[in-house]
Every structure is written in structure tokens, then in C-alpha cells.
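Asker: After the C-alpha cells below, expect a handful of questions from me.
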Amino acid sequence: MENSKDQKALPTWTPLALRVVMVVAALGLVTAFFLPWASADEEYRSAAAQAPEFMYYEPTGFTVSDAQDLSLLEYAQVYGSMEGGWIIYMVIMYAMAATSVLALILAACNKPIGAMVFGVLTLAASRLLVWDFTDRGVLPNSTHDWGAAPTIYLIAAVVLVVAAIWLFIVKRRAKAANAVQVQGLGTN
């Protein structure tokens, strides 16, 4: 009797619907890598419109026009062009892209625990970068503020984790119900 009460505690979503939610959330993690991590203010944008071909950062070939919205991909290219310990930032950023892709693959393959683990790793790396960028004064600064990507990483990871846990519970309950049904057939 107690078991039937527990099963009514969660709405009965189909595993397919939860899997779709996981895939969409993981796709959000992948997409966030290419969306603005930093976004220029209006003053910078109007100055960039006056001299769009002015070089922002020579080693990467970024012009001021290119640097109005900077994604993690572009930040990784900047840090990768620097010498010394700055390469660690590039490694962290590309690792975030890799863990996002792995979360997407595992979500598509109906592996909620694996997708959740890689989603959490992606979230942890993004929060580490947010803390680091804030601590070093990289963002926000006099010309750029946070873009949409940090928020998308947070929301997509939370949705992915919730959907993965929910799908795991649904799969466990289905497996338990199937075992009870098989056991009932065996006693006849």
C-alpha cells in the first residue's frame, strides 16, 4: 500500500518525454559554448561601429567589431594564443565543450546517470570560470558585462540533472513493477 502512495508522488511522465528534456538541456550546454560569455555595453558597440576593423587582439585576429560578444570559444582562442600558464584556461574551456557533448550523447542514448555526471562537471567548470573571471576583474569590466552563456549553463545543467534523476526514478519503478509482475506470474 505504501508503495502505491510513493508512485503517485511524482507525475507520470513517460521516459521518452524525460529523455527529450534531457537531450534539449544537454543541447543547451553545447550551445552555450558558442553563445556570448561576455557582451559589450552600448558605448563599446558605438565605438566599434566607428572603427570596426581596429584590432582588438592581434594574435587572434579579433577586431573590435568581432569582440562585441565573446563566446568561450573565442576566449579559448585568446588564452591559447598566450604563453605560460594561461593555456590552462583554454584547456578548461575546451573541456567544458567536451563534457557538454558527452552529456548530450549520453542523454540521447538514454543514460541518465552518465548525462547527469557530465552535466554537473560542465556546470562546475562554468561556475569556476565565473568565479575566476570575477575574481581577476575580467568580467564585468568597463566595456563588457556577462553574456547569456553563464546563465544558460546554469539553467541547462539544473534541468538536465532534474530530468536525469526523474528518469532514473521512473526507470527504477518500471523495473520494480516488472519484477513484481514477473514474480506474480511465477507463483501461478
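All residue names refer to the C-alpha cells as shown: chains lettered A, B, ... in order, residues numbered from 1 in each chain, ligands numbered from 1 in order.
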Running DSSP on the backbone, which parts of region 17-188 of chain A land in strand (DSSP E), as a tab-separated table (two decimals) with all heavy atoms, in the first residue's frame?

Answerer:
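New file selection27.tsv:
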chain	number	residue	atom	x	y	z
A	36	PRO	N	27.36	34.25	-26.35
A	36	PRO	CA	28.19	35.25	-25.65
A	36	PRO	C	28.41	34.94	-24.17
A	36	PRO	O	27.46	34.82	-23.40
A	36	PRO	CB	27.40	36.55	-25.81
A	36	PRO	CG	26.55	36.34	-27.01
A	36	PRO	CD	26.21	34.87	-27.00
A	37	TRP	N	29.67	34.80	-23.81
A	37	TRP	CA	30.09	34.71	-22.41
A	37	TRP	C	30.22	36.14	-21.88
A	37	TRP	O	29.93	36.41	-20.73
A	37	TRP	CB	31.41	33.95	-22.32
A	37	TRP	CG	31.91	33.72	-20.94
A	37	TRP	CD1	32.86	34.46	-20.27
A	37	TRP	CD2	31.54	32.68	-20.04
A	37	TRP	NE1	33.07	33.95	-19.03
A	37	TRP	CE2	32.28	32.85	-18.85
A	37	TRP	CE3	30.64	31.62	-20.12
A	37	TRP	CZ2	32.17	32.00	-17.75
A	37	TRP	CZ3	30.53	30.77	-19.02
A	37	TRP	CH2	31.28	30.97	-17.86
A	38	ALA	N	30.66	37.03	-22.76
A	38	ALA	CA	30.78	38.46	-22.44
A	38	ALA	C	30.07	39.25	-23.53
A	38	ALA	O	30.13	38.89	-24.71
A	38	ALA	CB	32.24	38.86	-22.38
A	39	SER	N	29.41	40.31	-23.13
A	39	SER	CA	28.66	41.13	-24.07
A	39	SER	C	29.03	42.60	-23.83
A	39	SER	O	29.01	43.07	-22.69
A	39	SER	CB	27.17	40.90	-23.87
A	39	SER	OG	26.44	41.48	-24.90
A	40	ALA	N	29.35	43.30	-24.90
A	40	ALA	CA	29.78	44.69	-24.80
A	40	ALA	C	28.61	45.62	-24.46
A	40	ALA	O	27.48	45.36	-24.84
A	40	ALA	CB	30.42	45.14	-26.11
A	55	MET	N	42.11	46.61	-34.58
A	55	MET	CA	42.48	45.32	-33.99
A	55	MET	C	42.23	45.32	-32.48
A	55	MET	O	42.69	46.19	-31.77
A	55	MET	CB	43.96	45.04	-34.29
A	55	MET	CG	44.34	43.59	-34.21
A	55	MET	SD	43.32	42.42	-35.14
A	55	MET	CE	43.56	42.88	-36.82
A	56	TYR	N	41.50	44.33	-32.02
A	56	TYR	CA	41.21	44.13	-30.60
A	56	TYR	C	42.33	43.33	-29.95
A	56	TYR	O	42.83	43.69	-28.89
A	56	TYR	CB	39.86	43.42	-30.44
A	56	TYR	CG	39.44	43.17	-29.02
A	56	TYR	CD1	38.94	44.20	-28.25
A	56	TYR	CD2	39.51	41.90	-28.46
A	56	TYR	CE1	38.53	43.98	-26.94
A	56	TYR	CE2	39.10	41.67	-27.17
A	56	TYR	CZ	38.62	42.71	-26.41
A	56	TYR	OH	38.21	42.48	-25.12
A	57	TYR	N	42.69	42.21	-30.58
A	57	TYR	CA	43.78	41.37	-30.07
A	57	TYR	C	44.48	40.74	-31.26
A	57	TYR	O	43.96	39.82	-31.87
A	57	TYR	CB	43.21	40.32	-29.10
A	57	TYR	CG	44.29	39.53	-28.39
A	57	TYR	CD1	45.19	40.15	-27.54
A	57	TYR	CD2	44.43	38.17	-28.60
A	57	TYR	CE1	46.17	39.43	-26.89
A	57	TYR	CE2	45.40	37.44	-27.96
A	57	TYR	CZ	46.28	38.07	-27.11
A	57	TYR	OH	47.26	37.37	-26.47
A	62	PHE	N	41.24	39.16	-33.87
A	62	PHE	CA	39.95	39.72	-33.49
A	62	PHE	C	39.97	41.23	-33.64
A	62	PHE	O	40.87	41.91	-33.15
A	62	PHE	CB	39.61	39.39	-32.03
A	62	PHE	CG	39.24	37.97	-31.77
A	62	PHE	CD1	39.66	37.34	-30.61
A	62	PHE	CD2	38.47	37.24	-32.66
A	62	PHE	CE1	39.33	36.03	-30.36
A	62	PHE	CE2	38.13	35.93	-32.42
A	62	PHE	CZ	38.57	35.32	-31.26
A	63	THR	N	38.96	41.74	-34.33
A	63	THR	CA	38.79	43.19	-34.43
A	63	THR	C	37.86	43.64	-33.32
A	63	THR	O	37.22	42.81	-32.66
A	63	THR	CB	38.18	43.57	-35.79
A	63	THR	OG1	36.88	43.00	-35.89
A	63	THR	CG2	39.07	43.10	-36.95
A	69	ASP	N	30.69	40.63	-28.75
A	69	ASP	CA	30.17	39.50	-27.98
A	69	ASP	C	31.21	38.39	-28.08
A	69	ASP	O	31.53	37.93	-29.18
A	69	ASP	CB	28.84	39.02	-28.54
A	69	ASP	CG	27.75	40.05	-28.36
A	69	ASP	OD1	27.59	40.55	-27.23
A	69	ASP	OD2	27.06	40.37	-29.35
A	70	LEU	N	31.74	37.98	-26.92
A	70	LEU	CA	32.80	36.97	-26.90
A	70	LEU	C	32.27	35.67	-26.29
A	70	LEU	O	31.80	35.66	-25.16
A	70	LEU	CB	34.00	37.47	-26.10
A	70	LEU	CG	34.74	38.66	-26.70
A	70	LEU	CD1	35.65	39.30	-25.66
A	70	LEU	CD2	35.54	38.20	-27.91
A	71	SER	N	32.38	34.60	-27.05
A	71	SER	CA	31.97	33.28	-26.55
A	71	SER	C	33.15	32.62	-25.86
A	71	SER	O	34.28	33.11	-25.93
A	71	SER	CB	31.50	32.42	-27.71
A	71	SER	OG	32.60	32.10	-28.56
A	144	HIS	N	32.64	45.43	-21.05
A	144	HIS	CA	31.85	44.20	-21.21
A	144	HIS	C	31.22	43.77	-19.89
A	144	HIS	O	31.79	43.97	-18.82
A	144	HIS	CB	32.74	43.06	-21.73
A	144	HIS	CG	33.13	43.21	-23.16
A	144	HIS	ND1	34.05	44.12	-23.60
A	144	HIS	CD2	32.70	42.55	-24.27
A	144	HIS	CE1	34.19	44.02	-24.91
A	144	HIS	NE2	33.38	43.07	-25.34
A	145	ASP	N	30.06	43.17	-20.02
A	145	ASP	CA	29.38	42.56	-18.88
A	145	ASP	C	29.13	41.09	-19.24
A	145	ASP	O	29.46	40.65	-20.33
A	145	ASP	CB	28.06	43.28	-18.61
A	145	ASP	CG	27.59	43.11	-17.17
A	145	ASP	OD1	28.14	42.25	-16.45
A	145	ASP	OD2	26.66	43.83	-16.77
A	146	TRP	N	28.52	40.36	-18.33
A	146	TRP	CA	28.23	38.95	-18.59
A	146	TRP	C	27.26	38.81	-19.75
A	146	TRP	O	26.30	39.56	-19.86
A	146	TRP	CB	27.65	38.28	-17.35
A	146	TRP	CG	28.63	38.22	-16.23
A	146	TRP	CD1	28.63	39.00	-15.12
A	146	TRP	CD2	29.75	37.35	-16.12
A	146	TRP	NE1	29.71	38.67	-14.33
A	146	TRP	CE2	30.41	37.66	-14.91
A	146	TRP	CE3	30.28	36.35	-16.93
A	146	TRP	CZ2	31.56	37.00	-14.49
A	146	TRP	CZ3	31.43	35.69	-16.50
A	146	TRP	CH2	32.05	36.01	-15.30

Asker: Name the residues in contact with region 89-101 of chain A at a cut-off of 7 Å, using only C-alpha atoms, excluding same-chain residues fewer than 3 positions from it; report them as an MDAnalysis selection string.

Answerer: chainID A and resid 26 29:30 33 72 76 79:80 86 104:105 118:119 121:122 125

Asker: Kindly save the residues from that selection, with C-alpha atoms included, as a short mmCIF file (atom, residue, chain, number, x, y, z; two decimals), in the first residue's frame.

Answerer:
data_model
loop_
_atom_site.label_atom_id
_atom_site.label_comp_id
_atom_site.auth_asym_id
_atom_site.auth_seq_id
_atom_site.Cartn_x
_atom_site.Cartn_y
_atom_site.Cartn_z
CA ALA A 26 22.31 18.92 -22.87
CA LEU A 29 25.06 23.09 -22.62
CA VAL A 30 26.68 22.51 -26.01
CA PHE A 33 29.85 27.32 -25.56
CA LEU A 72 34.00 30.73 -24.62
CA ALA A 76 39.75 29.85 -25.52
CA TYR A 79 44.07 32.20 -23.94
CA GLY A 80 45.52 29.60 -26.30
CA TRP A 86 47.22 30.96 -19.47
CA LEU A 104 24.39 15.22 -24.98
CA ILE A 105 25.49 11.83 -26.31
CA PHE A 118 28.87 15.21 -17.31
CA GLY A 119 26.24 17.94 -16.90
CA LEU A 121 31.06 18.60 -14.47
CA THR A 122 30.17 21.20 -17.10
CA ALA A 125 33.66 24.24 -14.73
#

Asker: What parts of chain A does DSSP call helix (DSSP H, G or I)? I'd like the answer as a count of residues only.

Answerer: 139

Asker: Nearest residue to Thr143 (chain A) out of A:Ala177, A:Val64, A:Gly85, A:Met116, using only C-alpha atoms?

Answerer: A:Val64
